[in-house]
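This report refers to the structure that appears directly beneath it.
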Amino acid sequence: MLWRTRHLKRRIVLVLLLGGGFILFISNKLSKNSKLVPDDYEIKHTLLRQPFEWQPKISEVQLGEGNSTKKQICRNSVQGKSLIVDERGYVCNRTSVDPHGCCNVRRGSKSTSKHRCDTCLKNACCVVYEYCVACCLKPDKRPLLQKILTNAREGLDIALGSVSDHFELCLAKCRTSSMSVQHENSYRNTLAKHCYGEDPPELQALVT
């Protein structure tokens with residue numbers, strides 16, 4: 001009987017030692033892993049160091065062997081059903097986009113225009129997404145966008161603060177966001193909901 005009691009006590013001590021060691025191991029592991037997750041300061045520091053280009057260099061492609069002519073390669077807004085805006089600020093019909101992603105700017109191409117602010121209001125909100133981006137790309141919008149970018153990075157807005165150039169900033173800014181809606185289920189303004197400025201769309205008056 002005495003032997004059994006001693007054996008039981010030894011097992012209890014052994015279990016306690018093993019349990020304590022396991023708890024220390026887990027807590028140490030979690031402590032190390034927590035250091036891998038950046039805090040707000042590190043995120044902010046990373047965003048502030050993110051390089052940004054106001055005038056990104058347009059890529060070019062050589063047109064065939066022995067051909068000295070080069071053609072620009074453009075990024076564009078991609079998703080528009082009828083309109084496309086490229087990174088140079090040109091807006092055109094989808095049918096006027098060349099194989100390299102640029103709006104056709106040849107003489108006589110009436111469907112192509114640059115930095116047009118059609119459908120945009122004085123509050124920097126526009127009805128059409130592509131015109132919002134084109135207007136946002138105008139050089140005179142740089143001071144406004146510089147302020148918006150700085151505030152986004154200071155405020156830890158990763159989606160907006162991590163963009164790398166003027167075109168990406170305008171694409172991101174003109175997309176509808178939480179600023180565009182009210183009560184989480186309806187647009188503040190069902191028409192002019194694409195904004196490149198600081199303020200959200202103006203609230204539409206309710207019709208009763």
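Ligands are numbered from 1 in the order shown, chains are lettered A, B, ... in the order of the structure tokens, and residues start at 1 in each chain.
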Item to complete: Quick one: everything within 6 Å of A:Asp86, counting only C-alpha atoms, minus sequence neighbours fewer than 4 positions away in the same chain. Send it as a count of residues only.
Response: 4
For A:Tyr131, please output as a PDB file with all heavy atoms, in the first residue's frame all residues within 7 Å (counting only C-alpha atoms; exclusion window: fewer than 6 positions along the same chain).
ATOM      1  N   ARG A 116      -9.819  64.159 -69.572  1.00  0.00           N
ATOM      2  CA  ARG A 116     -11.165  64.729 -69.599  1.00  0.00           C
ATOM      3  C   ARG A 116     -11.856  64.457 -68.272  1.00  0.00           C
ATOM      4  O   ARG A 116     -11.749  63.379 -67.707  1.00  0.00           O
ATOM      5  CB  ARG A 116     -11.974  64.117 -70.746  1.00  0.00           C
ATOM      6  CG  ARG A 116     -11.505  64.503 -72.131  1.00  0.00           C
ATOM      7  CD  ARG A 116     -12.057  65.859 -72.550  1.00  0.00           C
ATOM      8  NE  ARG A 116     -13.503  65.828 -72.721  1.00  0.00           N
ATOM      9  CZ  ARG A 116     -14.099  65.452 -73.871  1.00  0.00           C
ATOM     10  NH1 ARG A 116     -13.366  65.086 -74.913  1.00  0.00           N
ATOM     11  NH2 ARG A 116     -15.406  65.479 -73.962  1.00  0.00           N
ATOM     12  N   CYS A 117     -12.576  65.452 -67.784  1.00  0.00           N
ATOM     13  CA  CYS A 117     -13.291  65.314 -66.517  1.00  0.00           C
ATOM     14  C   CYS A 117     -14.794  65.229 -66.743  1.00  0.00           C
ATOM     15  O   CYS A 117     -15.585  65.688 -65.889  1.00  0.00           O
ATOM     16  CB  CYS A 117     -12.952  66.483 -65.601  1.00  0.00           C
ATOM     17  SG  CYS A 117     -11.200  66.569 -65.128  1.00  0.00           S
ATOM     18  N   ASP A 118     -15.200  64.665 -67.866  1.00  0.00           N
ATOM     19  CA  ASP A 118     -16.625  64.501 -68.152  1.00  0.00           C
ATOM     20  C   ASP A 118     -17.308  63.778 -66.998  1.00  0.00           C
ATOM     21  O   ASP A 118     -16.760  62.817 -66.451  1.00  0.00           O
ATOM     22  CB  ASP A 118     -16.821  63.691 -69.439  1.00  0.00           C
ATOM     23  CG  ASP A 118     -16.202  64.369 -70.657  1.00  0.00           C
ATOM     24  OD1 ASP A 118     -15.083  64.888 -70.523  1.00  0.00           O
ATOM     25  OD2 ASP A 118     -16.831  64.380 -71.725  1.00  0.00           O
TER      26      ASP A 118
END
Item to complete: Quote the spacing between atom CA of A:Ser113 and atom CA of A:Glu202 in Å to one decimal place.
Response: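 Those two atoms sit 27.4 Å apart.
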Item to complete: Select from stretch 95-168 of chain A everything DSSP, run on the backbone, classes as helix (DSSP H, G or I), then give the selection as an MDAnalysis selection string.
Response: chainID A and resid 95:96 129:136 139:154 158:161 166:168
Item to complete: Would you please work out which residue, of A:Cys103, A:Leu169, A:Ile26, A:Leu144, is nearest to A:Ala124 when using only C-alpha atoms?
Response: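 Closest candidate: A:Leu144.
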Worksheet item: Which parts of stretch 41-162 of chain A does DSSP call strand (DSSP E) when run on the backbone here, written out as a list in words?
Response: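 Selecting the strand (DSSP E) positions of stretch 41-162 of chain A gives Ser59, Glu60, Val61, Gln62, Lys70, Lys71, Gln72, Ile73, Leu83, Ile84, Val85, Tyr90, Val91, Cys92, Asn93, Ser113, Lys114, Cys125 and Cys126 of chain A.
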Discussion item. Just to confirm, what's the straight-line distance from atom CA of A:His115 to atom CA of A:Asn151 in Å (one decimal)?
Written reply: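 Interatomic distance, atom CA of A:His115 to atom CA of A:Asn151: 24.7 Å.
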Discussion item. Please determine, counting only C-alpha atoms, which residue among A:Lys110, A:Arg88, A:Lys173, A:Lys122 has the shortest atom-to-atom distance to A:Lys138.
Written reply: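 Nearest to A:Lys138: A:Arg88.
From atom CA of A:Val97 back to atom CA of A:Ala192, the distance works out to 25.6 Å.
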Practice prompt. Counting only C-alpha atoms, figure out which residue out of A:Cys74, A:Arg188, A:Phe52, A:Gly197 gets nearest to A:His100.
Written response: A:Cys74
Response to the item:
Using only C-alpha atoms, the residue out of A:Cys132, A:Lys71, A:Glu198, A:Lys81 with shortest distance to A:Pro99 is A:Lys71
